[in-house]
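Note: the block below is final_3.cif and it holds mmCIF, C-alpha atoms.
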```
data_upload
loop_
_atom_site.group_PDB
_atom_site.id
_atom_site.type_symbol
_atom_site.label_atom_id
_atom_site.label_comp_id
_atom_site.auth_asym_id
_atom_site.auth_seq_id
_atom_site.Cartn_x
_atom_site.Cartn_y
_atom_site.Cartn_z
ATOM 1 C CA MET A 1021 0.000 0.000 0.000
ATOM 2 C CA SER A 1022 1.344 3.418 -0.931
ATOM 3 C CA ALA A 1023 2.336 5.763 1.853
ATOM 4 C CA SER A 1024 -0.095 8.556 2.688
ATOM 5 C CA LYS A 1025 0.857 11.964 1.410
ATOM 6 C CA SER A 1026 -0.415 15.462 2.135
ATOM 7 C CA ILE A 1027 -1.736 17.533 -0.751
ATOM 8 C CA THR A 1028 -3.743 20.744 -1.113
ATOM 9 C CA LEU A 1029 -6.933 20.123 -3.084
ATOM 10 C CA ASN A 1030 -9.159 23.061 -4.055
ATOM 11 C CA GLY A 1031 -7.734 25.098 -1.191
ATOM 12 C CA ASP A 1032 -8.035 22.428 1.517
ATOM 13 C CA THR A 1033 -5.358 20.093 2.920
ATOM 14 C CA ARG A 1034 -6.083 16.425 2.261
ATOM 15 C CA GLN A 1035 -4.386 13.104 3.018
ATOM 16 C CA THR A 1036 -4.298 10.570 0.182
ATOM 17 C CA SER A 1037 -2.546 7.352 -0.754
ATOM 18 C CA ALA A 1038 -3.151 7.848 -4.499
ATOM 19 C CA THR A 1039 0.007 7.804 -6.606
ATOM 20 C CA THR A 1040 -1.424 9.462 -9.709
ATOM 21 C CA VAL A 1041 -4.012 12.156 -10.394
ATOM 22 C CA ALA A 1042 -6.274 9.564 -12.021
ATOM 23 C CA GLU A 1043 -6.179 7.453 -8.838
ATOM 24 C CA LEU A 1044 -7.049 10.551 -6.813
ATOM 25 C CA ALA A 1045 -10.052 11.207 -9.057
ATOM 26 C CA THR A 1046 -11.248 7.628 -8.523
ATOM 27 C CA GLU A 1047 -10.732 8.008 -4.782
ATOM 28 C CA LEU A 1048 -12.936 11.121 -4.881
ATOM 29 C CA GLY A 1049 -15.612 9.360 -6.910
ATOM 30 C CA LEU A 1050 -14.944 11.527 -9.972
ATOM 31 C CA ASP A 1051 -14.842 10.479 -13.618
ATOM 32 C CA PRO A 1052 -11.391 11.482 -14.983
ATOM 33 C CA GLU A 1053 -13.064 12.089 -18.360
ATOM 34 C CA LYS A 1054 -15.313 14.800 -16.923
ATOM 35 C CA ILE A 1055 -12.857 16.941 -14.946
ATOM 36 C CA ALA A 1056 -10.031 19.396 -15.572
ATOM 37 C CA VAL A 1057 -6.975 19.387 -13.311
ATOM 38 C CA GLU A 1058 -4.339 21.995 -12.539
ATOM 39 C CA ARG A 1059 -1.275 20.617 -10.695
ATOM 40 C CA ASN A 1060 1.204 23.025 -9.154
ATOM 41 C CA GLY A 1061 0.035 25.811 -11.445
ATOM 42 C CA LEU A 1062 0.146 23.779 -14.660
ATOM 43 C CA ILE A 1063 -2.726 22.122 -16.504
ATOM 44 C CA ALA A 1064 -2.483 18.336 -16.419
ATOM 45 C CA PRO A 1065 -3.746 17.020 -19.795
ATOM 46 C CA ARG A 1066 -6.750 14.778 -19.330
ATOM 47 C CA SER A 1067 -5.185 12.110 -21.526
ATOM 48 C CA GLN A 1068 -2.189 11.891 -19.179
ATOM 49 C CA LEU A 1069 -3.892 11.878 -15.755
ATOM 50 C CA ALA A 1070 -3.048 8.175 -15.279
ATOM 51 C CA GLN A 1071 0.632 9.002 -15.864
ATOM 52 C CA THR A 1072 0.698 12.237 -13.832
ATOM 53 C CA ASP A 1073 2.413 11.471 -10.518
ATOM 54 C CA LEU A 1074 0.973 12.753 -7.272
ATOM 55 C CA ASN A 1075 3.618 13.839 -4.782
ATOM 56 C CA ASP A 1076 3.631 15.030 -1.208
ATOM 57 C CA GLY A 1077 2.995 18.790 -1.106
ATOM 58 C CA ASP A 1078 1.318 19.000 -4.522
ATOM 59 C CA VAL A 1079 -1.284 21.740 -4.959
ATOM 60 C CA LEU A 1080 -4.252 20.801 -7.169
ATOM 61 C CA GLU A 1081 -7.370 22.455 -8.483
ATOM 62 C CA ILE A 1082 -10.049 20.135 -9.873
ATOM 63 C CA VAL A 1083 -13.028 21.630 -11.682
ATOM 64 C CA HIS A 1084 -15.999 20.429 -13.703
ATOM 65 C CA PHE A 1085 -18.946 22.000 -15.480
ATOM 66 C CA VAL A 1086 -22.102 22.964 -13.558
ATOM 67 C CA GLY A 1087 -25.294 24.735 -14.592
ATOM 68 C CA GLY A 1088 -24.744 28.440 -15.449
ATOM 69 C CA GLY A 1089 -22.971 30.470 -12.806
ATOM 70 C CA ALA A 1090 -22.443 30.059 -9.118
ATOM 71 C CA PRO A 1091 -25.375 28.729 -7.089
ATOM 72 C CA LYS A 1092 -27.320 31.391 -5.214
ATOM 73 C CA ALA A 1093 -26.679 31.359 -1.494
ATOM 74 C CA ASP A 1094 -29.580 30.251 0.635
ATOM 75 C CA ASP A 1095 -31.500 33.386 1.527
ATOM 76 C CA GLY A 1096 -34.781 31.983 2.695
ATOM 77 C CA TRP A 1097 -37.009 33.456 5.383
ATOM 78 C CA THR A 1098 -38.877 31.757 8.191
ATOM 79 C CA VAL A 1099 -42.293 32.403 9.708
ATOM 80 C CA ALA A 1100 -43.844 30.292 12.461
ATOM 81 C CA GLY A 1101 -41.142 27.674 11.970
ATOM 82 C CA ARG A 1102 -41.715 27.322 8.216
ATOM 83 C CA THR A 1103 -39.034 28.349 5.749
ATOM 84 C CA PHE A 1104 -39.675 29.705 2.266
ATOM 85 C CA GLN A 1105 -37.286 30.718 -0.509
ATOM 86 C CA SER A 1106 -39.560 33.127 -2.367
ATOM 87 C CA ARG A 1107 -40.160 36.421 -0.587
ATOM 88 C CA LEU A 1108 -43.188 37.200 -2.731
ATOM 89 C CA ILE A 1109 -46.705 36.263 -1.618
ATOM 90 C CA VAL A 1110 -49.518 36.638 -4.118
ATOM 91 C CA GLY A 1111 -53.287 36.809 -3.841
ATOM 92 C CA THR A 1112 -55.930 34.859 -5.721
ATOM 93 C CA GLY A 1113 -58.556 37.512 -6.418
ATOM 94 C CA LYS A 1114 -59.477 39.619 -9.453
ATOM 95 C CA TYR A 1115 -58.076 37.265 -12.107
ATOM 96 C CA LYS A 1116 -60.258 36.547 -15.136
ATOM 97 C CA ASP A 1117 -60.223 32.823 -14.289
ATOM 98 C CA PHE A 1118 -58.440 30.180 -12.239
ATOM 99 C CA GLU A 1119 -56.184 29.249 -15.166
ATOM 100 C CA GLN A 1120 -54.764 32.758 -15.388
ATOM 101 C CA ASN A 1121 -54.347 32.809 -11.615
ATOM 102 C CA ALA A 1122 -52.364 29.556 -11.683
ATOM 103 C CA ALA A 1123 -50.190 30.784 -14.562
ATOM 104 C CA ALA A 1124 -49.412 34.036 -12.734
ATOM 105 C CA LEU A 1125 -48.487 32.084 -9.614
ATOM 106 C CA GLU A 1126 -46.077 29.974 -11.640
ATOM 107 C CA ALA A 1127 -44.476 33.049 -13.195
ATOM 108 C CA SER A 1128 -44.118 34.767 -9.816
ATOM 109 C CA GLY A 1129 -42.269 31.885 -8.195
ATOM 110 C CA ALA A 1130 -44.322 32.493 -5.033
ATOM 111 C CA GLU A 1131 -44.721 29.633 -2.573
ATOM 112 C CA ILE A 1132 -47.618 31.166 -0.620
ATOM 113 C CA VAL A 1133 -51.003 32.344 -1.879
ATOM 114 C CA THR A 1134 -53.668 34.132 0.121
ATOM 115 C CA VAL A 1135 -57.139 32.665 -0.160
ATOM 116 C CA ALA A 1136 -60.462 34.087 0.950
ATOM 117 C CA VAL A 1137 -62.910 31.915 2.856
ATOM 118 C CA ARG A 1138 -66.349 31.997 1.240
ATOM 119 C CA ARG A 1139 -69.545 29.969 1.383
ATOM 120 C CA VAL A 1140 -69.802 26.913 -0.839
ATOM 121 C CA ASN A 1141 -71.998 27.396 -3.899
ATOM 122 C CA VAL A 1142 -74.634 24.800 -3.008
ATOM 123 C CA SER A 1143 -76.545 25.497 -6.231
ATOM 124 C CA ASP A 1144 -73.565 24.259 -8.266
ATOM 125 C CA PRO A 1145 -71.390 22.029 -6.073
ATOM 126 C CA LYS A 1146 -69.379 20.827 -9.092
ATOM 127 C CA ALA A 1147 -68.287 24.319 -10.131
ATOM 128 C CA PRO A 1148 -64.489 24.687 -10.553
ATOM 129 C CA MET A 1149 -62.596 25.490 -7.364
ATOM 130 C CA LEU A 1150 -59.221 27.126 -6.760
ATOM 131 C CA THR A 1151 -57.819 23.844 -5.444
ATOM 132 C CA ASP A 1152 -58.418 22.313 -8.891
ATOM 133 C CA TYR A 1153 -55.803 24.690 -10.311
ATOM 134 C CA ILE A 1154 -53.459 25.487 -7.406
ATOM 135 C CA ASP A 1155 -52.566 22.388 -5.414
ATOM 136 C CA PRO A 1156 -52.520 23.131 -1.658
ATOM 137 C CA LYS A 1157 -50.059 20.250 -1.255
ATOM 138 C CA LYS A 1158 -47.525 22.097 -3.410
ATOM 139 C CA THR A 1159 -48.359 25.721 -2.583
ATOM 140 C CA THR A 1160 -48.960 27.001 0.936
ATOM 141 C CA TYR A 1161 -52.472 28.373 1.301
ATOM 142 C CA LEU A 1162 -52.731 31.379 3.597
ATOM 143 C CA PRO A 1163 -56.410 31.810 4.523
ATOM 144 C CA ASN A 1164 -57.260 35.447 5.088
ATOM 145 C CA THR A 1165 -60.133 37.371 6.594
ATOM 146 C CA ALA A 1166 -60.702 39.813 3.742
ATOM 147 C CA GLY A 1167 -64.070 41.487 4.153
ATOM 148 C CA CYS A 1168 -64.254 41.084 7.921
ATOM 149 C CA PHE A 1169 -65.062 44.234 9.903
ATOM 150 C CA THR A 1170 -65.034 42.878 13.473
ATOM 151 C CA ALA A 1171 -62.736 40.661 15.486
ATOM 152 C CA ASP A 1172 -65.547 38.151 15.986
ATOM 153 C CA GLU A 1173 -66.130 37.833 12.218
ATOM 154 C CA ALA A 1174 -62.435 37.301 11.582
ATOM 155 C CA ILE A 1175 -62.026 34.720 14.337
ATOM 156 C CA ARG A 1176 -65.072 32.796 13.160
ATOM 157 C CA THR A 1177 -63.793 32.802 9.575
ATOM 158 C CA LEU A 1178 -60.385 31.433 10.527
ATOM 159 C CA ARG A 1179 -61.854 28.747 12.769
ATOM 160 C CA LEU A 1180 -63.802 27.537 9.734
ATOM 161 C CA ALA A 1181 -60.677 27.727 7.582
ATOM 162 C CA ARG A 1182 -58.742 25.553 10.027
ATOM 163 C CA GLU A 1183 -61.562 23.046 10.063
ATOM 164 C CA ALA A 1184 -61.702 23.002 6.241
ATOM 165 C CA GLY A 1185 -57.994 22.628 5.516
ATOM 166 C CA GLY A 1186 -56.153 22.251 8.790
ATOM 167 C CA TRP A 1187 -54.451 25.608 8.324
ATOM 168 C CA ASP A 1188 -53.053 27.379 11.360
ATOM 169 C CA LEU A 1189 -50.776 29.845 9.536
ATOM 170 C CA VAL A 1190 -53.283 32.537 8.605
ATOM 171 C CA LYS A 1191 -53.520 36.143 7.492
ATOM 172 C CA LEU A 1192 -55.611 38.363 9.724
ATOM 173 C CA GLU A 1193 -57.148 41.616 8.605
ATOM 174 C CA VAL A 1194 -59.986 43.417 10.325
ATOM 175 C CA LEU A 1195 -61.177 46.432 8.346
ATOM 176 C CA GLY A 1196 -62.489 49.647 9.791
ATOM 177 C CA GLU A 1197 -64.601 50.828 6.859
ATOM 178 C CA ALA A 1198 -65.317 49.962 3.236
ATOM 179 C CA ARG A 1199 -64.138 53.238 1.686
ATOM 180 C CA THR A 1200 -60.478 53.157 2.733
ATOM 181 C CA LEU A 1201 -60.167 49.494 3.779
ATOM 182 C CA TYR A 1202 -57.876 50.692 6.542
ATOM 183 C CA PRO A 1203 -57.486 48.256 9.440
ATOM 184 C CA ASP A 1204 -59.378 48.755 12.684
ATOM 185 C CA MET A 1205 -56.423 48.328 15.020
ATOM 186 C CA ARG A 1206 -58.479 47.867 18.177
ATOM 187 C CA GLU A 1207 -60.393 44.955 16.653
ATOM 188 C CA THR A 1208 -57.237 43.639 14.970
ATOM 189 C CA LEU A 1209 -55.354 43.513 18.250
ATOM 190 C CA LYS A 1210 -58.262 41.769 19.973
ATOM 191 C CA ALA A 1211 -58.476 39.142 17.233
ATOM 192 C CA THR A 1212 -54.708 38.574 17.301
ATOM 193 C CA GLU A 1213 -54.769 37.809 21.022
ATOM 194 C CA VAL A 1214 -57.646 35.335 20.703
ATOM 195 C CA LEU A 1215 -56.209 33.551 17.671
ATOM 196 C CA ALA A 1216 -52.751 33.214 19.222
ATOM 197 C CA LYS A 1217 -54.277 31.642 22.357
ATOM 198 C CA GLU A 1218 -56.166 29.164 20.159
ATOM 199 C CA GLY A 1219 -52.979 27.966 18.472
ATOM 200 C CA PHE A 1220 -53.175 29.995 15.279
ATOM 201 C CA HIS A 1221 -50.117 31.700 13.802
ATOM 202 C CA PRO A 1222 -51.524 35.034 12.568
ATOM 203 C CA MET A 1223 -49.698 37.167 10.028
ATOM 204 C CA VAL A 1224 -51.378 40.498 10.641
ATOM 205 C CA TYR A 1225 -52.306 43.346 8.279
ATOM 206 C CA CYS A 1226 -51.916 46.669 10.075
ATOM 207 C CA VAL A 1227 -51.333 50.393 9.757
ATOM 208 C CA ASP A 1228 -47.772 51.577 9.130
ATOM 209 C CA ASP A 1229 -47.279 52.468 12.790
ATOM 210 C CA PRO A 1230 -44.240 51.093 14.686
ATOM 211 C CA ILE A 1231 -46.082 51.279 18.024
ATOM 212 C CA ALA A 1232 -49.070 49.315 16.744
ATOM 213 C CA ALA A 1233 -46.691 46.825 15.108
ATOM 214 C CA LYS A 1234 -44.929 46.154 18.408
ATOM 215 C CA GLN A 1235 -48.260 45.706 20.196
ATOM 216 C CA LEU A 1236 -49.316 43.107 17.620
ATOM 217 C CA GLU A 1237 -46.048 41.254 18.031
ATOM 218 C CA GLU A 1238 -46.513 41.172 21.793
ATOM 219 C CA ALA A 1239 -50.076 39.887 21.281
ATOM 220 C CA GLY A 1240 -48.842 36.888 19.300
ATOM 221 C CA ALA A 1241 -48.518 37.967 15.657
ATOM 222 C CA VAL A 1242 -45.954 35.816 13.844
ATOM 223 C CA ALA A 1243 -45.503 38.431 11.116
ATOM 224 C CA ILE A 1244 -46.295 42.123 10.815
ATOM 225 C CA MET A 1245 -47.816 43.276 7.520
ATOM 226 C CA PRO A 1246 -48.056 47.080 7.356
ATOM 227 C CA LEU A 1247 -49.837 48.651 4.409
ATOM 228 C CA GLY A 1248 -47.759 50.581 1.913
ATOM 229 C CA ALA A 1249 -50.869 52.414 0.697
ATOM 230 C CA PRO A 1250 -54.624 51.647 0.676
ATOM 231 C CA ILE A 1251 -55.569 48.159 -0.563
ATOM 232 C CA GLY A 1252 -55.814 48.000 -4.350
ATOM 233 C CA SER A 1253 -54.672 51.608 -4.836
ATOM 234 C CA GLY A 1254 -51.377 50.898 -6.582
ATOM 235 C CA LEU A 1255 -49.924 54.074 -5.080
ATOM 236 C CA GLY A 1256 -46.711 52.443 -3.853
ATOM 237 C CA ILE A 1257 -45.149 52.806 -0.418
ATOM 238 C CA GLN A 1258 -46.243 56.195 0.870
ATOM 239 C CA ASN A 1259 -44.275 56.326 4.118
ATOM 240 C CA GLN A 1260 -40.880 54.679 3.860
ATOM 241 C CA VAL A 1261 -39.781 56.109 7.200
ATOM 242 C CA THR A 1262 -42.380 54.275 9.275
ATOM 243 C CA ILE A 1263 -41.943 51.022 7.344
ATOM 244 C CA ARG A 1264 -38.220 51.152 8.098
ATOM 245 C CA LEU A 1265 -38.923 51.869 11.775
ATOM 246 C CA ILE A 1266 -41.215 48.838 11.929
ATOM 247 C CA VAL A 1267 -38.487 46.682 10.357
ATOM 248 C CA GLU A 1268 -35.874 47.938 12.798
ATOM 249 C CA GLY A 1269 -38.064 47.300 15.826
ATOM 250 C CA ALA A 1270 -39.525 43.912 14.897
ATOM 251 C CA ASN A 1271 -38.449 40.488 16.082
ATOM 252 C CA VAL A 1272 -40.743 38.762 13.586
ATOM 253 C CA PRO A 1273 -40.868 39.027 9.774
ATOM 254 C CA VAL A 1274 -42.198 42.257 8.281
ATOM 255 C CA LEU A 1275 -43.926 42.187 4.893
ATOM 256 C CA VAL A 1276 -45.446 45.109 3.013
ATOM 257 C CA ASP A 1277 -49.104 44.306 2.396
ATOM 258 C CA ALA A 1278 -51.219 46.495 0.093
ATOM 259 C CA GLY A 1279 -50.477 49.430 -2.155
ATOM 260 C CA VAL A 1280 -47.889 47.963 -4.516
ATOM 261 C CA GLY A 1281 -48.594 49.031 -8.091
ATOM 262 C CA THR A 1282 -45.532 48.072 -10.092
ATOM 263 C CA ALA A 1283 -42.148 46.398 -9.822
ATOM 264 C CA SER A 1284 -40.299 49.449 -8.492
ATOM 265 C CA ASP A 1285 -42.693 49.594 -5.520
ATOM 266 C CA ALA A 1286 -41.830 46.001 -4.627
ATOM 267 C CA ALA A 1287 -38.111 46.727 -4.927
ATOM 268 C CA VAL A 1288 -38.434 49.745 -2.611
ATOM 269 C CA GLY A 1289 -40.122 47.631 0.048
ATOM 270 C CA MET A 1290 -37.336 45.078 -0.073
ATOM 271 C CA GLU A 1291 -34.650 47.770 -0.029
ATOM 272 C CA LEU A 1292 -36.152 49.007 3.247
ATOM 273 C CA GLY A 1293 -35.295 45.627 4.759
ATOM 274 C CA CYS A 1294 -38.717 43.996 4.631
ATOM 275 C CA ASP A 1295 -38.742 40.209 4.624
ATOM 276 C CA GLY A 1296 -41.247 40.037 1.806
ATOM 277 C CA ILE A 1297 -44.033 41.647 -0.187
ATOM 278 C CA LEU A 1298 -47.672 40.609 -0.544
ATOM 279 C CA MET A 1299 -49.657 41.736 -3.575
ATOM 280 C CA ASN A 1300 -52.730 40.871 -5.596
ATOM 281 C CA THR A 1301 -54.186 43.737 -7.640
ATOM 282 C CA ALA A 1302 -50.826 44.858 -9.047
ATOM 283 C CA ILE A 1303 -50.546 41.528 -10.851
ATOM 284 C CA ALA A 1304 -54.189 40.627 -11.470
ATOM 285 C CA GLU A 1305 -55.109 44.005 -12.993
ATOM 286 C CA ALA A 1306 -51.985 44.408 -15.119
ATOM 287 C CA LYS A 1307 -52.583 44.303 -18.870
ATOM 288 C CA ASP A 1308 -50.387 41.187 -18.940
ATOM 289 C CA PRO A 1309 -50.704 39.544 -15.512
ATOM 290 C CA ILE A 1310 -48.305 36.697 -16.304
ATOM 291 C CA ARG A 1311 -45.537 39.032 -17.386
ATOM 292 C CA MET A 1312 -46.141 41.343 -14.439
ATOM 293 C CA ALA A 1313 -45.942 38.380 -12.063
ATOM 294 C CA HIS A 1314 -42.503 37.583 -13.434
ATOM 295 C CA ALA A 1315 -41.492 41.246 -13.159
ATOM 296 C CA MET A 1316 -42.519 41.250 -9.491
ATOM 297 C CA LYS A 1317 -40.441 38.143 -8.870
ATOM 298 C CA LEU A 1318 -37.373 39.876 -10.292
ATOM 299 C CA ALA A 1319 -38.116 43.120 -8.420
ATOM 300 C CA VAL A 1320 -38.345 41.401 -5.057
ATOM 301 C CA GLU A 1321 -35.089 39.568 -5.714
ATOM 302 C CA ALA A 1322 -33.347 42.757 -6.880
ATOM 303 C CA GLY A 1323 -34.578 44.739 -3.897
ATOM 304 C CA ARG A 1324 -33.352 42.065 -1.516
ATOM 305 C CA GLU A 1325 -29.918 41.990 -3.178
ATOM 306 C CA ALA A 1326 -29.694 45.778 -2.976
ATOM 307 C CA TYR A 1327 -30.606 45.732 0.726
ATOM 308 C CA LEU A 1328 -27.989 43.089 1.495
ATOM 309 C CA SER A 1329 -25.395 45.023 -0.531
ATOM 310 C CA GLY A 1330 -25.806 48.187 1.536
ATOM 311 C CA ARG A 1331 -26.562 51.293 -0.480
ATOM 312 C CA MET A 1332 -24.183 54.226 -0.727
ATOM 313 C CA GLY A 1333 -24.696 57.110 1.641
ATOM 314 C CA ARG A 1334 -26.772 60.089 0.581
ATOM 315 C CA ARG A 1335 -24.908 63.369 0.073
ATOM 316 C CA MET A 1336 -26.104 66.958 -0.058
ATOM 317 C CA TYR A 1337 -23.686 67.869 -2.869
ATOM 318 C CA ALA A 1338 -22.118 66.282 -5.908
ATOM 319 C CA ASP A 1339 -19.137 63.971 -5.542
ATOM 320 C CA PRO A 1340 -17.323 63.305 -8.865
ATOM 321 C CA SER A 1341 -16.619 59.720 -9.877
ATOM 322 C CA SER A 1342 -13.369 60.837 -11.542
ATOM 323 C CA PRO A 1343 -10.800 63.003 -9.697
ATOM 324 C CA LEU A 1344 -10.713 66.651 -10.716
ATOM 325 C CA ALA A 1345 -6.985 66.971 -10.047
ATOM 326 C CA GLY A 1346 -4.685 66.650 -13.054
ATOM 327 C CA LEU A 1347 -7.159 67.956 -15.605
ATOM 328 C CA ILE A 1348 -5.634 69.158 -18.870
#
```

What would the structure in this file look like if it were written as structure tokens?
Amino acid sequence: MSASKSITLNGDTRQTSATTVAELATELGLDPEKIAVERNGLIAPRSQLAQTDLNDGDVLEIVHFVGGGAPKADDGWTVAGRTFQSRLIVGTGKYKDFEQNAAALEASGAEIVTVAVRRVNVSDPKAPMLTDYIDPKKTTYLPNTAGCFTADEAIRTLRLAREAGGWDLVKLEVLGEARTLYPDMRETLKATEVLAKEGFHPMVYCVDDPIAAKQLEEAGAVAIMPLGAPIGSGLGIQNQVTIRLIVEGANVPVLVDAGVGTASDAAVGMELGCDGILMNTAIAEAKDPIRMAHAMKLAVEAGREAYLSGRMGRRMYADPSSPLAGLI
């Protein structure tokens, strides 16, 4: 048996008894025909790997081909113990049909969809249902309380949702009035407390108020979802300062919910440090919902990358990219 020798392989020290590069490849479980090897700074021809000696102290780089570019680092987010890779959540309302809804979901890359809880159509029990097009075993359904104006209505709705599908991760919204669809924070807080005690994990729609956000978190909210602008308005994030304050003060995920109109709005929300964005109308009412869904996917990813990169500081005056000294 050959004596063990110490080599450096792809930057790491390794002990091996292989006497040739080809033997090393076999030891590593690699096909010598599918790799390229650099030994001590020189390329070792593939046809000569079986004759290329391996000596103590050799430095090797072994590479092979992989799918385009470096793999993206894991940048998932977690809510109530569940981890998701997509930071975009999409709704299921306002589409022309379930087929378009399913196609938009696919284009968005979202792993969570919000679903309203409504009475069964007993006059046509065989009518198509959302579950026929979006499989709840593959996509996480997030039952919401859209249209509820009291805590009692919202709690009742979510109890039925849990009975229907076993869902405990839910989206809570309790509206104050029909004209603005602003949340009634007193009723929202009351519902959050009750639902948390009953074992639900409520992700809660709220005003863009850092004090209210902290109160919801203390009441048991597993995620805070401040509005960027009124529901369905498409006005974009109207108060970036308070959204950022909510992000800085929260110990649970923060997602902008409502008001997004186009891709730049989604990117802004992510650049503020939000964990995700929820939208419905911005996609469903676009002239091309499928294309807009894809645009939103890219915007959320771009905004997240920009946030992690750390933007340059803002300056009051110009700062030239090229030095002014030495001009001709």

Where's the centre, and what are the edge lengths in Å to one decimal, of a box along x, y and z enclosing all listed atoms of region 1179-1195 of chain A padded 6 Å per side, as lines of an AutoDock Vina configuration file?
```
center_x = -57.3
center_y = 34.3
center_z = 9.1
size_x = 25.0
size_y = 36.2
size_z = 19.3
```

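Taking CA of Arg1179 (chain A) and CA of Leu1209 (chain A) as the two end points, the separation is 17.0 Å.
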
**Report entry** Selection as a PyMOL selection string: residues within 12 Å of (-45.0, 20.2, 2.3), counting only C-alpha atoms
**Finding:** chain A and resi 1102-1104+1131-1132+1155-1161

Export C-alpha atoms of the chosen residues as a CSV table (one decimal), in the frame of the given file?
```csv
chain,number,residue,atom,x,y,z
A,1102,ARG,CA,-41.7,27.3,8.2
A,1103,THR,CA,-39.0,28.3,5.7
A,1104,PHE,CA,-39.7,29.7,2.3
A,1131,GLU,CA,-44.7,29.6,-2.6
A,1132,ILE,CA,-47.6,31.2,-0.6
A,1155,ASP,CA,-52.6,22.4,-5.4
A,1156,PRO,CA,-52.5,23.1,-1.7
A,1157,LYS,CA,-50.1,20.2,-1.3
A,1158,LYS,CA,-47.5,22.1,-3.4
A,1159,THR,CA,-48.4,25.7,-2.6
A,1160,THR,CA,-49.0,27.0,0.9
A,1161,TYR,CA,-52.5,28.4,1.3
```

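Nearest residue to Gly1031 (chain A) among A:Ile1055, A:Ala1243, A:Val1079, A:Ala1216 is A:Val1079, counting all atoms listed in the file.
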
Report summary line: From the list A:Ala1278, A:Ala1198, A:Leu1215, A:Val1133, the nearest residue to Ala1171 (chain A) using all atoms listed in the file is A:Leu1215

Report summary line: Of A:Val1194, A:Ala1241, A:Val1135, A:Ile1109, the one nearest to Asp1277 (chain A) when counting only C-alpha atoms is A:Ile1109

**Report entry** region 1292-1299 of chain A surroundings by only C-alpha atoms, 8 Å radius, close-in-sequence under 2 positions cut, as a ChimeraX atom specification
**Finding:** /A:1097,1107-1111,1260,1263-1264,1267,1273-1280,1286,1288-1290,1301-1303,1320,1324,1327

Requested in this report: Just give me the gap between CA of Thr1072 (chain A) and CA of Thr1046 (chain A) in Å, one decimal is fine.
Outcome: 13.9 Å

Requested in this report: I need the residue set behind the PyMOL selection byres ((chain A and resi 1237) around 12) for this file; please write it as a ChimeraX atom specification.
Outcome: /A:1208-1209,1212-1213,1216,1221-1226,1230-1236,1238-1245,1266,1269-1274

Selected residues, C-alpha atoms, written as an mmCIF file, in the frame of the given file, please.
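Everything below was put into result_25.cif:
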```
data_model
loop_
_atom_site.group_PDB
_atom_site.id
_atom_site.type_symbol
_atom_site.label_atom_id
_atom_site.label_comp_id
_atom_site.auth_asym_id
_atom_site.auth_seq_id
_atom_site.Cartn_x
_atom_site.Cartn_y
_atom_site.Cartn_z
ATOM 1 C CA THR A 1208 -57.237 43.639 14.970
ATOM 2 C CA LEU A 1209 -55.354 43.513 18.250
ATOM 3 C CA THR A 1212 -54.708 38.574 17.301
ATOM 4 C CA GLU A 1213 -54.769 37.809 21.022
ATOM 5 C CA ALA A 1216 -52.751 33.214 19.222
ATOM 6 C CA HIS A 1221 -50.117 31.700 13.802
ATOM 7 C CA PRO A 1222 -51.524 35.034 12.568
ATOM 8 C CA MET A 1223 -49.698 37.167 10.028
ATOM 9 C CA VAL A 1224 -51.378 40.498 10.641
ATOM 10 C CA TYR A 1225 -52.306 43.346 8.279
ATOM 11 C CA CYS A 1226 -51.916 46.669 10.075
ATOM 12 C CA PRO A 1230 -44.240 51.093 14.686
ATOM 13 C CA ILE A 1231 -46.082 51.279 18.024
ATOM 14 C CA ALA A 1232 -49.070 49.315 16.744
ATOM 15 C CA ALA A 1233 -46.691 46.825 15.108
ATOM 16 C CA LYS A 1234 -44.929 46.154 18.408
ATOM 17 C CA GLN A 1235 -48.260 45.706 20.196
ATOM 18 C CA LEU A 1236 -49.316 43.107 17.620
ATOM 19 C CA GLU A 1238 -46.513 41.172 21.793
ATOM 20 C CA ALA A 1239 -50.076 39.887 21.281
ATOM 21 C CA GLY A 1240 -48.842 36.888 19.300
ATOM 22 C CA ALA A 1241 -48.518 37.967 15.657
ATOM 23 C CA VAL A 1242 -45.954 35.816 13.844
ATOM 24 C CA ALA A 1243 -45.503 38.431 11.116
ATOM 25 C CA ILE A 1244 -46.295 42.123 10.815
ATOM 26 C CA MET A 1245 -47.816 43.276 7.520
ATOM 27 C CA ILE A 1266 -41.215 48.838 11.929
ATOM 28 C CA GLY A 1269 -38.064 47.300 15.826
ATOM 29 C CA ALA A 1270 -39.525 43.912 14.897
ATOM 30 C CA ASN A 1271 -38.449 40.488 16.082
ATOM 31 C CA VAL A 1272 -40.743 38.762 13.586
ATOM 32 C CA PRO A 1273 -40.868 39.027 9.774
ATOM 33 C CA VAL A 1274 -42.198 42.257 8.281
#
```

Query raised in the report: So, counting all atoms listed in the file, which residue among A:Gln1071, A:Ser1341, A:Gln1105, A:Ser1329 is closest to Thr1040 (chain A)?
Result: A:Gln1071

Query raised in the report: Do you know which residues the PyMOL selection byres ((chain A and resi 1137) around 12) returns on this file, as a PyMOL selection string?
Result: chain A and resi 1112-1113+1134-1136+1138-1140+1150+1161-1168+1173-1185+1187+1190-1192

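Of the listed residues (A:Ala1287, A:Ile1310, A:Ile1063, A:Ala1304), A:Ala1287 comes nearest to Ala1326 (chain A); the distances count all atoms listed in the file.
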
Requested in this report: Any chance you could resolve the PyMOL selection byres ((chain A and resi 1068) around 12) against this file and give the residues as a list in words?
Outcome: Thr1040, Val1041, Ala1042, Glu1043, Pro1052, Glu1053, Ala1056, Val1057, Ile1063, Ala1064, Pro1065, Arg1066, Ser1067, Leu1069, Ala1070, Gln1071, Thr1072 and Asp1073 of chain A
